[in-house]
Each structure stands twice: as structure tokens, then as C-alpha cells.
>>> print(open('structure.txt').read())   # compact mmCIF, C-alpha atoms and all ligand atoms
# COMPACT_ATOMS: atom_id res chain seq x y z
CA MET A 218 -6.66 -11.65 48.82
CA GLU A 219 -3.17 -12.60 47.55
CA PHE A 220 -2.32 -14.14 44.20
CA LYS A 221 0.64 -14.78 41.87
CA ALA A 222 1.15 -12.77 38.72
CA LEU A 223 3.76 -12.02 36.13
CA LEU A 224 4.67 -8.36 36.55
CA VAL A 225 6.47 -6.18 34.02
CA GLU A 226 8.26 -3.29 35.70
CA GLN A 227 10.08 -0.32 34.17
CA PRO A 228 12.91 0.71 36.52
CA GLU A 229 14.24 3.20 33.97
CA LYS A 230 13.52 4.48 30.45
CA LYS A 231 13.49 1.63 27.87
CA VAL A 232 14.31 -1.02 30.52
CA PHE A 233 11.61 -3.58 31.26
CA ASN A 234 12.03 -6.38 33.82
CA ARG A 235 9.70 -9.35 34.14
CA SER A 236 9.25 -11.42 37.30
CA ILE A 237 6.64 -13.49 39.08
CA VAL A 238 5.42 -11.69 42.19
CA THR A 239 2.70 -11.86 44.83
CA ARG A 240 0.00 -9.21 44.37
CA THR A 241 -3.24 -8.38 46.17
CA LEU A 242 -6.72 -7.55 44.92
CA ASP A 243 -6.07 -3.90 45.83
CA ASP A 244 -3.33 -3.79 43.17
CA LEU A 245 -5.93 -4.42 40.46
CA PRO A 246 -7.98 -1.71 38.71
CA GLU A 247 -11.63 -1.05 39.58
CA GLY A 248 -14.32 -3.23 37.99
CA GLU A 249 -17.49 -5.10 38.91
CA LEU A 250 -16.20 -8.57 38.13
CA VAL A 251 -13.47 -10.51 39.95
CA VAL A 252 -12.41 -13.76 38.27
CA LYS A 253 -10.09 -16.49 39.53
CA VAL A 254 -8.14 -17.22 36.36
CA HIS A 255 -7.62 -20.92 35.62
CA TYR A 256 -6.05 -20.57 32.17
CA SER A 257 -4.66 -17.88 29.89
CA SER A 258 -2.76 -18.05 26.62
CA LEU A 259 0.05 -16.19 24.90
CA ASN A 260 -0.75 -13.91 21.97
CA PHE A 261 1.49 -11.62 19.91
CA LYS A 262 0.10 -8.55 21.74
CA ASP A 263 1.19 -10.11 25.07
CA ALA A 264 4.72 -10.54 23.76
CA LEU A 265 4.76 -6.86 22.77
CA SER A 266 3.31 -5.75 26.12
CA SER A 267 5.88 -7.88 27.98
CA VAL A 268 8.77 -6.01 26.39
CA GLY A 269 7.23 -2.58 26.90
CA ASN A 270 5.95 -1.87 23.38
CA PRO A 271 4.12 1.48 23.82
CA GLY A 272 1.66 0.55 21.05
CA VAL A 273 0.16 -1.95 23.51
CA THR A 274 1.04 -0.80 27.06
CA ARG A 275 2.31 2.56 28.29
CA ASN A 276 1.86 2.30 32.05
CA PHE A 277 3.99 0.04 34.23
CA PRO A 278 4.09 -1.97 36.50
CA HIS A 279 1.70 -4.12 34.48
CA THR A 280 0.52 -7.70 34.12
CA PRO A 281 0.02 -8.71 30.45
CA GLY A 282 -2.43 -11.33 29.20
CA ILE A 283 -5.26 -10.40 26.81
CA ASP A 284 -6.92 -13.78 27.47
CA ALA A 285 -8.39 -15.23 30.66
CA ALA A 286 -10.84 -18.00 31.50
CA GLY A 287 -11.89 -18.95 34.99
CA LYS A 288 -14.51 -18.86 37.70
CA VAL A 289 -16.31 -15.79 39.02
CA VAL A 290 -15.30 -14.84 42.57
CA SER A 291 -17.71 -11.89 42.85
CA CYS A 292 -19.74 -9.65 40.60
CA ALA A 293 -20.92 -6.33 42.03
CA ASP A 294 -23.69 -5.72 39.46
CA GLY A 295 -25.15 -9.24 39.65
CA SER A 296 -24.69 -10.05 35.95
CA PHE A 297 -22.73 -13.19 36.93
CA GLN A 298 -22.92 -15.45 39.97
CA PRO A 299 -19.94 -16.69 42.03
CA GLY A 300 -18.73 -19.94 40.47
CA ASP A 301 -19.91 -19.08 36.92
CA GLN A 302 -17.36 -20.11 34.30
CA VAL A 303 -16.46 -17.13 32.12
CA ILE A 304 -14.19 -16.09 29.26
CA VAL A 305 -12.68 -12.60 29.10
CA THR A 306 -10.64 -11.65 26.06
CA SER A 307 -9.24 -8.36 24.81
CA TYR A 308 -11.07 -5.04 25.14
CA ASP A 309 -8.39 -3.44 27.36
CA LEU A 310 -7.45 -6.65 29.22
CA GLY A 311 -3.67 -7.10 29.27
CA MET A 312 -3.10 -3.73 27.62
CA GLU A 313 -3.58 -1.03 30.28
CA THR A 314 -5.76 -3.28 32.48
CA ASP A 315 -3.86 -5.98 34.40
CA GLY A 316 -4.44 -9.18 32.49
CA GLY A 317 -4.62 -12.95 32.47
CA PHE A 318 -0.98 -13.62 33.41
CA GLY A 319 -2.20 -13.29 37.00
CA GLN A 320 -4.36 -15.64 39.06
CA LEU A 321 -6.98 -12.90 39.59
CA ILE A 322 -8.39 -10.25 37.26
CA ARG A 323 -10.84 -7.45 38.04
CA VAL A 324 -12.68 -6.09 35.01
CA PRO A 325 -15.95 -4.49 33.86
CA SER A 326 -18.59 -7.24 33.79
CA LYS A 327 -19.54 -6.34 30.19
CA TRP A 328 -16.17 -7.73 29.01
CA ALA A 329 -17.09 -11.28 30.09
CA LEU A 330 -19.18 -14.00 28.48
CA LYS A 331 -20.33 -17.32 29.91
CA LEU A 332 -18.30 -20.33 28.80
CA PRO A 333 -20.40 -21.90 26.03
CA GLU A 334 -21.67 -25.45 26.51
CA GLY A 335 -19.35 -27.88 24.74
CA LEU A 336 -16.07 -26.22 25.77
CA THR A 337 -14.05 -26.53 28.96
CA LEU A 338 -12.17 -23.57 30.44
CA LYS A 339 -8.95 -25.22 29.32
CA GLU A 340 -10.16 -25.71 25.75
CA SER A 341 -11.37 -22.12 25.62
CA MET A 342 -7.84 -20.88 26.33
CA MET A 343 -6.23 -23.36 23.96
CA LEU A 344 -8.20 -21.27 21.47
CA GLY A 345 -8.04 -17.86 23.20
CA THR A 346 -7.94 -14.69 21.14
CA ALA A 347 -6.11 -16.58 18.37
CA GLY A 348 -9.04 -18.99 18.08
CA LEU A 349 -11.59 -16.18 18.22
CA THR A 350 -9.68 -14.33 15.48
CA ALA A 351 -9.34 -17.43 13.30
CA ALA A 352 -13.06 -18.15 13.74
CA LEU A 353 -14.01 -14.52 12.95
CA SER A 354 -11.92 -14.81 9.75
CA VAL A 355 -13.52 -18.12 8.74
CA HIS A 356 -16.96 -16.70 9.61
CA GLN A 357 -16.35 -13.74 7.28
CA LEU A 358 -15.30 -15.98 4.38
CA VAL A 359 -18.38 -18.15 4.79
CA GLU A 360 -20.73 -15.16 5.29
CA SER A 361 -19.26 -13.60 2.12
CA GLY A 362 -20.31 -16.66 0.16
CA VAL A 363 -17.00 -18.53 -0.23
CA ILE A 364 -17.72 -22.26 -0.62
CA PRO A 365 -15.32 -25.25 -0.81
CA GLU A 366 -16.26 -26.00 -4.46
CA GLN A 367 -14.78 -22.65 -5.57
CA GLY A 368 -11.18 -23.70 -4.92
CA PRO A 369 -8.44 -23.54 -2.31
CA VAL A 370 -8.24 -21.13 0.61
CA LEU A 371 -4.81 -19.71 1.48
CA VAL A 372 -3.62 -19.19 5.08
CA THR A 373 -0.47 -17.15 5.77
CA GLY A 374 1.58 -17.37 8.98
CA ALA A 375 0.26 -20.92 9.06
CA THR A 376 2.28 -22.32 11.94
CA GLY A 377 1.36 -19.36 14.20
CA GLY A 378 -1.53 -19.26 16.65
CA VAL A 379 -4.18 -17.68 14.41
CA GLY A 380 -2.84 -19.37 11.28
CA SER A 381 -2.75 -22.93 12.60
CA LEU A 382 -6.23 -22.64 14.10
CA ALA A 383 -7.58 -21.18 10.83
CA VAL A 384 -6.03 -24.07 8.87
CA ALA A 385 -7.67 -26.62 11.17
CA MET A 386 -11.09 -24.89 11.21
CA LEU A 387 -11.21 -24.45 7.42
CA ALA A 388 -10.23 -28.09 6.88
CA LYS A 389 -12.86 -29.18 9.40
CA ILE A 390 -15.68 -27.50 7.45
CA GLY A 391 -14.55 -28.95 4.13
CA PHE A 392 -12.24 -26.38 2.53
CA THR A 393 -9.06 -27.33 0.67
CA VAL A 394 -6.33 -25.38 2.46
CA THR A 395 -2.97 -24.15 1.21
CA ALA A 396 -0.69 -23.13 4.08
CA VAL A 397 2.15 -20.62 3.63
CA THR A 398 4.97 -20.93 6.13
CA GLY A 399 8.51 -19.84 6.82
CA LYS A 400 9.07 -23.26 8.42
CA LEU A 401 8.77 -25.91 5.70
CA GLU A 402 10.13 -28.44 8.20
CA GLU A 403 6.71 -28.15 9.88
CA THR A 404 5.01 -29.65 6.81
CA PRO A 405 3.92 -32.83 8.69
CA TYR A 406 2.39 -30.67 11.45
CA LEU A 407 0.45 -28.54 8.96
CA GLU A 408 -0.69 -31.63 7.04
CA GLY A 409 -1.88 -33.07 10.34
CA LEU A 410 -4.02 -29.96 10.85
CA GLY A 411 -5.63 -30.57 7.47
CA ALA A 412 -3.63 -28.47 4.97
CA THR A 413 -3.35 -30.24 1.61
CA GLN A 414 -0.64 -28.01 0.13
CA ILE A 415 2.23 -26.36 1.99
CA ILE A 416 4.30 -23.65 0.29
CA ASP A 417 7.11 -21.43 1.48
CA ARG A 418 6.91 -17.63 1.60
CA ALA A 419 9.17 -17.21 -1.50
CA THR A 420 6.75 -19.29 -3.59
CA LEU A 421 3.83 -17.04 -2.66
CA LEU A 422 5.93 -13.93 -3.37
CA LYS A 423 7.17 -15.12 -6.80
CA GLY A 424 6.34 -12.48 -9.45
CA ASN A 425 4.93 -10.13 -6.82
CA ASP A 426 6.45 -7.15 -8.65
CA ARG A 427 3.71 -7.66 -11.28
CA PRO A 428 0.35 -5.84 -10.85
CA MET A 429 -1.69 -9.10 -10.92
CA LEU A 430 -0.91 -12.79 -10.43
CA LYS A 431 -2.59 -16.02 -11.60
CA PRO A 432 -6.07 -16.22 -9.99
CA THR A 433 -5.84 -19.09 -7.51
CA TRP A 434 -7.50 -18.57 -4.12
CA ALA A 435 -11.24 -18.56 -3.45
CA GLY A 436 -10.45 -17.11 -0.04
CA VAL A 437 -7.49 -16.00 2.04
CA VAL A 438 -6.91 -15.76 5.80
CA ASP A 439 -3.93 -13.44 6.14
CA CYS A 440 -2.15 -13.18 9.47
CA VAL A 441 1.01 -11.32 8.43
CA GLY A 442 0.30 -8.20 6.29
CA GLY A 443 2.93 -6.60 4.02
CA GLU A 444 4.06 -8.13 0.73
CA MET A 445 2.52 -11.50 1.51
CA LEU A 446 -0.92 -9.94 1.90
CA ALA A 447 -0.36 -8.00 -1.35
CA ALA A 448 0.61 -11.23 -3.16
CA ALA A 449 -2.43 -13.00 -1.74
CA ILE A 450 -4.76 -10.23 -2.95
CA LYS A 451 -3.15 -10.25 -6.41
CA SER A 452 -3.62 -14.01 -6.69
CA ALA A 453 -7.20 -14.16 -5.38
CA GLN A 454 -9.79 -15.49 -7.82
CA TYR A 455 -12.56 -13.38 -9.35
CA ASP A 456 -14.87 -12.40 -6.40
CA GLY A 457 -12.29 -13.81 -3.98
CA VAL A 458 -12.45 -12.80 -0.32
CA VAL A 459 -9.34 -11.89 1.66
CA THR A 460 -9.40 -11.35 5.42
CA CYS A 461 -6.65 -9.37 7.11
CA CYS A 462 -5.90 -9.61 10.83
CA GLY A 463 -2.15 -9.41 11.41
CA LEU A 464 0.98 -7.34 11.01
CA VAL A 465 3.92 -9.58 11.89
CA ALA A 466 5.53 -8.97 8.47
CA SER A 467 4.48 -5.33 8.04
CA ILE A 468 1.71 -2.83 8.65
CA ASP A 469 1.92 -1.67 5.02
CA ILE A 470 0.23 -3.30 2.03
CA PRO A 471 2.06 -2.53 -1.23
CA ILE A 472 -0.95 -3.06 -3.48
CA ASN A 473 -2.59 -1.50 -6.54
CA VAL A 474 -6.30 -1.28 -7.39
CA PHE A 475 -6.41 -3.90 -10.21
CA PRO A 476 -7.41 -6.94 -8.09
CA PHE A 477 -10.31 -4.90 -6.69
CA ILE A 478 -11.55 -3.24 -9.90
CA LEU A 479 -10.80 -6.04 -12.39
CA ARG A 480 -11.53 -9.13 -10.26
CA GLY A 481 -13.92 -7.77 -7.63
CA VAL A 482 -11.67 -9.03 -4.85
CA ARG A 483 -12.96 -8.10 -1.38
CA LEU A 484 -10.61 -7.26 1.51
CA ILE A 485 -12.16 -7.61 4.97
CA GLY A 486 -10.55 -6.44 8.21
CA ILE A 487 -10.81 -8.63 11.30
CA ASP A 488 -10.83 -7.14 14.80
CA SER A 489 -11.22 -9.33 17.85
CA ALA A 490 -10.46 -6.60 20.42
CA GLU A 491 -13.58 -4.42 20.14
CA CYS A 492 -15.71 -7.04 18.40
CA PRO A 493 -19.28 -6.55 19.71
CA MET A 494 -20.37 -8.93 22.49
CA GLU A 495 -23.27 -10.35 20.44
CA ARG A 496 -20.88 -11.49 17.67
CA ARG A 497 -18.38 -12.83 20.24
CA ILE A 498 -21.05 -14.98 21.85
CA GLN A 499 -22.12 -16.26 18.41
CA VAL A 500 -18.56 -17.11 17.36
CA TRP A 501 -17.68 -18.75 20.72
CA LYS A 502 -20.77 -20.95 20.22
CA GLN A 503 -19.44 -21.92 16.79
CA LEU A 504 -16.08 -22.72 18.40
CA ALA A 505 -17.91 -25.08 20.76
CA ASN A 506 -19.92 -26.73 17.96
CA GLU A 507 -19.37 -26.73 14.18
CA LEU A 508 -15.82 -25.31 14.46
CA LYS A 509 -14.87 -27.45 17.47
CA LEU A 510 -11.46 -29.03 16.86
CA ASP A 511 -10.62 -32.58 17.98
CA ASN A 512 -6.89 -32.00 17.65
CA LEU A 513 -6.55 -28.94 19.93
CA THR A 514 -4.14 -30.62 22.35
CA GLU A 515 -1.66 -31.28 19.51
CA MET A 516 -1.65 -27.57 18.74
CA VAL A 517 -0.75 -26.40 22.23
CA ASP A 518 2.19 -26.44 24.65
CA GLU A 519 0.98 -26.17 28.25
CA ILE A 520 3.19 -24.01 30.47
CA THR A 521 3.02 -22.19 33.82
CA LEU A 522 3.90 -18.53 34.44
CA ALA A 523 7.55 -19.58 34.77
CA GLY A 524 7.57 -20.67 31.11
CA VAL A 525 6.19 -17.44 29.69
CA GLU A 526 9.55 -15.65 29.24
CA GLU A 527 10.97 -18.29 26.87
CA LYS A 528 7.80 -18.27 24.74
CA VAL A 529 7.73 -14.45 24.59
CA GLN A 530 11.27 -14.40 23.18
CA LEU A 531 10.41 -17.15 20.67
CA MET A 532 7.26 -15.34 19.55
CA LEU A 533 9.12 -12.06 19.01
CA LYS A 534 11.52 -13.95 16.69
CA GLY A 535 8.58 -15.40 14.70
CA GLY A 536 9.56 -18.86 15.97
CA MET A 537 6.30 -20.04 17.56
CA LYS A 538 4.79 -23.17 16.10
CA ARG A 539 2.22 -24.10 18.73
CA ARG A 540 0.02 -21.98 20.98
CA ALA A 541 1.18 -21.54 24.56
CA LEU A 542 -1.56 -22.39 27.06
CA ILE A 543 -0.79 -20.94 30.50
CA ASN A 544 -2.01 -22.94 33.48
CA LEU A 545 -2.58 -20.49 36.36
CA LEU A 546 -3.83 -23.21 38.71
CA GLN A 547 -0.30 -24.56 38.91
CA SER A 548 1.61 -21.27 38.96
N1 LIG B 601 -6.92 -8.43 14.40
C1 LIG B 601 -7.04 -9.10 15.54
O1 LIG B 601 -8.04 -9.02 16.25
C2 LIG B 601 -5.92 -9.99 15.96
C3 LIG B 601 -6.10 -10.96 16.94
C4 LIG B 601 -5.04 -11.84 17.23
C5 LIG B 601 -3.82 -11.68 16.56
N2 LIG B 601 -3.69 -10.68 15.65
C6 LIG B 601 -2.46 -10.50 14.90
O2 LIG B 601 -2.31 -11.63 14.04
C7 LIG B 601 -0.93 -11.89 13.85
C8 LIG B 601 -0.63 -13.34 14.20
O3 LIG B 601 -0.86 -13.54 15.59
P1 LIG B 601 -0.44 -14.92 16.26
O4 LIG B 601 -0.90 -14.86 17.67
O5 LIG B 601 -0.87 -16.04 15.38
O6 LIG B 601 1.16 -14.79 16.21
P2 LIG B 601 2.24 -15.95 16.12
O7 LIG B 601 1.76 -17.15 16.84
O8 LIG B 601 3.53 -15.33 16.49
O9 LIG B 601 2.26 -16.35 14.58
C9 LIG B 601 2.73 -15.50 13.58
C10 LIG B 601 3.26 -16.36 12.44
O10 LIG B 601 3.50 -15.51 11.32
C11 LIG B 601 4.62 -15.97 10.58
N3 LIG B 601 5.62 -14.89 10.53
C12 LIG B 601 6.36 -14.41 11.54
N4 LIG B 601 7.16 -13.42 11.12
C13 LIG B 601 6.90 -13.28 9.80
C14 LIG B 601 7.41 -12.41 8.78
N5 LIG B 601 8.35 -11.49 9.04
N6 LIG B 601 6.93 -12.54 7.53
C15 LIG B 601 5.97 -13.45 7.26
N7 LIG B 601 5.45 -14.31 8.17
C16 LIG B 601 5.92 -14.20 9.42
C17 LIG B 601 5.15 -17.19 11.33
O11 LIG B 601 4.51 -18.35 10.76
P3 LIG B 601 5.21 -19.21 9.58
O12 LIG B 601 6.61 -19.43 10.00
O13 LIG B 601 4.38 -20.44 9.51
O14 LIG B 601 5.13 -18.38 8.34
C18 LIG B 601 4.61 -16.99 12.73
O15 LIG B 601 4.51 -18.21 13.43
C19 LIG B 601 -0.18 -10.88 14.75
O16 LIG B 601 0.20 -9.78 13.96
C20 LIG B 601 -1.21 -10.46 15.77
O17 LIG B 601 -0.96 -9.17 16.26
C21 LIG B 601 -4.71 -9.85 15.34
>>> encode(input="structure.txt", output="C-alpha cells")
Amino acid sequence: MEFKALLVEQPEKKVFNRSIVTRTLDDLPEGELVVKVHYSSLNFKDALSSVGNPGVTRNFPHTPGIDAAGKVVSCADGSFQPGDQVIVTSYDLGMETDGGFGQLIRVPSKWALKLPEGLTLKESMMLGTAGLTAALSVHQLVESGVIPEQGPVLVTGATGGVGSLAVAMLAKIGFTVTAVTGKLEETPYLEGLGATQIIDRATLLKGNDRPMLKPTWAGVVDCVGGEMLAAAIKSAQYDGVVTCCGLVASIDIPINVFPFILRGVRLIGIDSAECPMERRIQVWKQLANELKLDNLTEMVDEITLAGVEEKVQLMLKGGMKRRALINLLQS
């Protein structure tokens, strides 16, 4: 069975070439479940895998793509039927297991969930891991008791995949959202998603050398880490809840204990990769219902495999402003 895939090859140390090739099912790792991929999407981890970042992928040749949605071709353990519509995201997909930037994947069946009613395969990949991560962050704020009446919620990296989806989901369920961005020219876009205040990174970082800042945010969805996360924690309200999912600015958090011991601020880590299947199914249902976004198409650029290279380079420069949806049916 032949199919097209983006393949990253390493002809010599530190050199990584990307091209679209024809592969066969035999090239894929073992697994019970074979899926014909209809759509995938581009995430930051895919950009890193594409350029050979050893923190994500060490073995080449390799097909990146931590997200895939499509129809079951076969399932050796019977947990899915041919034709079932499924979503597979993360675990090891696209890291050491050939991923969604190919028209076929073969994976353990326990990595897949049935497409929830209320979402199409295409919509599920407009969301992808970014949507799952944004929804897990929003879910944690709500579960921790943050309510709209308490005050604004801050989202960092707001024009990025996770950030923009978090802005739209929070606005949808009634929160007042402040978006932090390095691209103030994208203010109309962020307002369109539902943000009521847009600030630049320097504004958030003002006075960040002080141990505490004016208490402002009832909740925070942080996608960037580093000084911005530290500033967000220092400016969280009493009992404020801060979620942390990303590292595009830095993996370090230059913070002191005062916000935690004087204001009771709670810092919650978000992991979509090993997130238990039960929680995934619950959050995907929310994405198909109360968190379902009407404006998803405005947040997405649809591309084929041929368009992936340009988006990878843009993402590595921090220049993405819409999610890239990859249509594998047309590749
Ligand atoms: N924990 C998890 O399970 C999980 C899942 C998915 C993603 N992530 C992580 O979440 C982060 C965001 O992912 P994504 O897919 O949304 O990436 P993305 O689309 O590239 O968005 C990142 C955004 O962060 C901002 N940014 C970029 N460089 C920055 C810098 N040096 N300082 C401050 N802000 C910067 C930019 O937005 P503005 O210009 O608007 O500021 C950029 O658009 C990544 O670190 C990714 O690895 C984690």
C-alpha cells in the first residue's frame, strides 16, 4: 500500500533534508491500528522535529506530525472498525513514531479516540494538539474555581496556535480576556477572537525586576514560559490560577516564592502528550460542545504537504499567526 509523506532525512551529522516521498505500509512501525489520514496540523514540536531537534526526534528518516485525524483502514485488535473516524494526537506520534505528515499512520490502538459527535475530521485538526492544550488549560482554570466575575484572564503567546484558541474559548464561555502579543499589528485579529484588551510583551514585563506586581489576573494561560510567565505569576490576583504549557520564550521561570505564599497563587502544568485517555475523551467532547468555536476557519490557513516547509520556518521564527491545517487528501 503506497502513500505520500513528508520525510526528514539525515544524510550527515547536523544536516536534515525534507522532501515529499512515496512510502509503503512496510516503512511504518508496528501497531494494531492503520489510519488513512485526512488532516493533520502543524505544532511547535513538529517544527522542532522537522529540523532534527534531538529533544523531539533522534532517529531518522522520520515523518513528523503529532496530530492526525482520519478513517480506520484496519484494526488488528478489533477496538475500531474499518471506516471509523478517529483522532490520534501525541503520545509518541510524530516524535519517534512516523506521524501525521503522511497519508497513512500505523499506531497502537490505545492512542486513538473516536471523533466526537459535533466535530468533523477537518474541524478536529483545525484544533489539533493546540486546541486540546488550550482546552486542557481552560478546563483547569474552571475546575480550579476561576469565574468570569473575578476579573480578566491573561493569555500569552496570543497569536500562536494554543494562545489564539485559548483566547477564543475563554471569550466564548464568558471570560474577559487580555491578550499579550509580540505582534500588536494583529490587534484586530485578536479582538475578533474575543480579546477585550491587547498588550505588548514590554507592557507585561514592566517592573518585572520587582518581587511582586499589581494583582490583576484572575487566571492566566501561559504559552511561552520565561520572564513572561514570571511576570504573569507576580501579577496574578489573590488565589489566582496560572497554567503553564509552553517554552517558546524560555524553559526557565525566574520567580520567587512571594506570589505563592502571600497571594496563594496556584501554578498548574498542562501536558497534552501523556494526558490520560479518559480526560482526552472528556475534553474532546467539550471541544465539540460548550467550547466549540464558530470562528475556527478564520484561525486557520489550509495547506498541503508542499506548504509545510514555509510554515515550519515561520514557526521557528515565532512568526505564526494562524494555525496551519494540513490537507492530506490533496497531497
Ligand atoms: N504542554 C503541552 O502539552 C503542549 C502542547 C502544545 C504546545 N505546547 C507548547 O506551547 C507553546 C506554544 O505552542 P504553539 O503551537 O501555540 O506555538 P506557536 O503557534 O508557534 O505560537 C507561539 C507564540 O508565542 C509567541 N512567542 C514566540 N516567541 C516568543 C518569545 N521569544 N517570547 C515570547 N513570546 C513568544 C508568539 O505569539 P505572539 O507574537 O502573539 O506573542 C508565537 O506566535 C510551545 O512552546 C509548544 O511547545 C505544549
>>> closest_residue(input="structure.txt", among="A:Gly248, A:Pro278, A:Gly374, A:Gly536", to="Cys292 (chain A)", atoms="only C-alpha atoms")
A:Gly248
>>> atom_distance(input="structure.txt", atom1="CA of Glu519 (chain A)", atom2="CA of Ala285 (chain A)")
14.6 Å
>>> closest_residue(input="structure.txt", among="A:Lys262, A:Lys339, A:Arg240, A:Lys331", to="Leu310 (chain A)", atoms="only C-alpha atoms")
A:Lys262
>>> residues_around(input="structure.txt", residues="Pro432 (chain A)", least_positions_apart="6", cutoff="9 Å", atoms="all atoms listed in the file", output="compact mmCIF listing (two decimals) with C-alpha atoms, keeping the file's coordinate frame")
# COMPACT_ATOMS: atom_id res chain seq x y z
CA LYS A 451 -3.15 -10.25 -6.41
CA SER A 452 -3.62 -14.01 -6.69
CA ALA A 453 -7.20 -14.16 -5.38
CA GLN A 454 -9.79 -15.49 -7.82
CA TYR A 455 -12.56 -13.38 -9.35
CA GLY A 457 -12.29 -13.81 -3.98
CA ARG A 480 -11.53 -9.13 -10.26
>>> residues_around(input="structure.txt", residues="Gly311 (chain A)", least_positions_apart="2", cutoff="12 Å", atoms="all atoms listed in the file", output="PyMOL selection string")
chain A and resi 223-225+245-246+257-267+273-285+305-309+313-319+322-324+346+490
>>> atom_distance(input="structure.txt", atom1="CA of Gly377 (chain A)", atom2="CA of Asn234 (chain A)")
25.8 Å
>>> axis_aligned_box(input="structure.txt", around="ligand LIG 601 (chain B)", padding_each_side="8 Å", output="lines of an AutoDock Vina configuration file")
center_x = 0.2
center_y = -14.4
center_z = 12.5
size_x = 32.4
size_y = 28.0
size_z = 26.4
>>> atom_distance(input="structure.txt", atom1="CA of Gly345 (chain A)", atom2="CA of Thr395 (chain A)")
23.4 Å
>>> residues_around(input="structure.txt", residues="Ile485 (chain A)", least_positions_apart="5", cutoff="10 Å", atoms="only C-alpha atoms", output="JSON, numbers by chain")
{"A": [354, 357, 358, 361, 438, 458, 459, 460, 461, 462]}
>>> residues_near_point(input="structure.txt", point="(-3.1, -22.0, 9.2)", cutoff="10 Å", atoms="all atoms listed in the file", output="NGL selection string")
:A and (351 or 371-388 or 394-398 or 407 or 410-412 or 415 or 438-440)
>>> closest_residue(input="structure.txt", among="A:Val251, A:Ala505, A:Val370, A:Val289", to="Thr393 (chain A)", atoms="all atoms listed in the file")
A:Val370
>>> residues_around(input="structure.txt", residues="Thr521 (chain A)", least_positions_apart="2", cutoff="12 Å", atoms="only C-alpha atoms", output="list in words")
Lys221, Ala222, Leu223, Ile237, His255, Tyr256, Ser257, Ser258, Leu259, Phe318, Gly319, Gln320, Asp518, Glu519, Ala523, Gly524, Val525, Glu526, Glu527, Lys528, Ala541, Leu542, Ile543, Asn544, Leu545, Leu546, Gln547 and Ser548 of chain A
>>> residues_around(input="structure.txt", residues="Glu444 (chain A)", least_positions_apart="5", cutoff="8 Å", atoms="all atoms listed in the file", output="PyMOL selection string")
chain A and resi 422+425+466-467+470-471
>>> closest_residue(input="structure.txt", among="A:Gly486, A:Pro365, A:Gly348, A:Gly463", to="ligand LIG 601 (chain B)", atoms="only C-alpha atoms and all ligand atoms")
A:Gly463
>>> closest_residue(input="structure.txt", among="A:Asp456, A:Phe475, A:Asn512, A:Glu402", to="Pro428 (chain A)", atoms="all atoms listed in the file")
A:Phe475
>>> closest_residue(input="structure.txt", among="A:Val517, A:Leu421, A:Ala347, A:Ile450", to="ligand LIG 601 (chain B)", atoms="only C-alpha atoms and all ligand atoms")
A:Ala347
>>> build_atoms(input="structure.txt", residues="region 239-250 of chain A", atoms="N, CA, C and O atoms", output="PDB file, in the coordinates of the input")
ATOM      1  N   THR A 239       3.983 -11.729  44.137  1.00  0.00           N
ATOM      2  CA  THR A 239       2.700 -11.860  44.830  1.00  0.00           C
ATOM      3  C   THR A 239       2.021 -10.501  44.827  1.00  0.00           C
ATOM      4  O   THR A 239       2.634  -9.479  45.163  1.00  0.00           O
ATOM      5  N   ARG A 240       0.763 -10.466  44.390  1.00  0.00           N
ATOM      6  CA  ARG A 240       0.000  -9.210  44.370  1.00  0.00           C
ATOM      7  C   ARG A 240      -1.255  -9.386  45.232  1.00  0.00           C
ATOM      8  O   ARG A 240      -1.575 -10.506  45.644  1.00  0.00           O
ATOM      9  N   THR A 241      -1.973  -8.293  45.442  1.00  0.00           N
ATOM     10  CA  THR A 241      -3.240  -8.380  46.170  1.00  0.00           C
ATOM     11  C   THR A 241      -4.338  -7.774  45.310  1.00  0.00           C
ATOM     12  O   THR A 241      -4.043  -7.025  44.368  1.00  0.00           O
ATOM     13  N   LEU A 242      -5.571  -8.068  45.677  1.00  0.00           N
ATOM     14  CA  LEU A 242      -6.720  -7.550  44.920  1.00  0.00           C
ATOM     15  C   LEU A 242      -6.655  -6.031  44.806  1.00  0.00           C
ATOM     16  O   LEU A 242      -7.026  -5.456  43.783  1.00  0.00           O
ATOM     17  N   ASP A 243      -6.144  -5.369  45.847  1.00  0.00           N
ATOM     18  CA  ASP A 243      -6.070  -3.900  45.830  1.00  0.00           C
ATOM     19  C   ASP A 243      -5.141  -3.376  44.739  1.00  0.00           C
ATOM     20  O   ASP A 243      -5.198  -2.198  44.380  1.00  0.00           O
ATOM     21  N   ASP A 244      -4.232  -4.236  44.248  1.00  0.00           N
ATOM     22  CA  ASP A 244      -3.330  -3.790  43.170  1.00  0.00           C
ATOM     23  C   ASP A 244      -4.054  -3.718  41.828  1.00  0.00           C
ATOM     24  O   ASP A 244      -3.522  -3.160  40.866  1.00  0.00           O
ATOM     25  N   LEU A 245      -5.241  -4.335  41.749  1.00  0.00           N
ATOM     26  CA  LEU A 245      -5.930  -4.420  40.460  1.00  0.00           C
ATOM     27  C   LEU A 245      -6.833  -3.208  40.252  1.00  0.00           C
ATOM     28  O   LEU A 245      -7.304  -2.599  41.217  1.00  0.00           O
ATOM     29  N   PRO A 246      -7.102  -2.859  38.974  1.00  0.00           N
ATOM     30  CA  PRO A 246      -7.980  -1.710  38.710  1.00  0.00           C
ATOM     31  C   PRO A 246      -9.403  -1.976  39.170  1.00  0.00           C
ATOM     32  O   PRO A 246      -9.769  -3.120  39.454  1.00  0.00           O
ATOM     33  N   GLU A 247     -10.217  -0.915  39.209  1.00  0.00           N
ATOM     34  CA  GLU A 247     -11.630  -1.050  39.580  1.00  0.00           C
ATOM     35  C   GLU A 247     -12.375  -1.866  38.535  1.00  0.00           C
ATOM     36  O   GLU A 247     -11.945  -1.950  37.379  1.00  0.00           O
ATOM     37  N   GLY A 248     -13.492  -2.459  38.926  1.00  0.00           N
ATOM     38  CA  GLY A 248     -14.320  -3.230  37.990  1.00  0.00           C
ATOM     39  C   GLY A 248     -15.319  -4.016  38.794  1.00  0.00           C
ATOM     40  O   GLY A 248     -15.091  -4.297  39.971  1.00  0.00           O
ATOM     41  N   GLU A 249     -16.444  -4.402  38.154  1.00  0.00           N
ATOM     42  CA  GLU A 249     -17.490  -5.100  38.910  1.00  0.00           C
ATOM     43  C   GLU A 249     -17.152  -6.569  39.117  1.00  0.00           C
ATOM     44  O   GLU A 249     -17.636  -7.214  40.044  1.00  0.00           O
ATOM     45  N   LEU A 250     -16.338  -7.120  38.191  1.00  0.00           N
ATOM     46  CA  LEU A 250     -16.200  -8.570  38.130  1.00  0.00           C
ATOM     47  C   LEU A 250     -14.800  -9.028  38.548  1.00  0.00           C
ATOM     48  O   LEU A 250     -13.798  -8.572  37.973  1.00  0.00           O
TER      49      LEU A 250
END
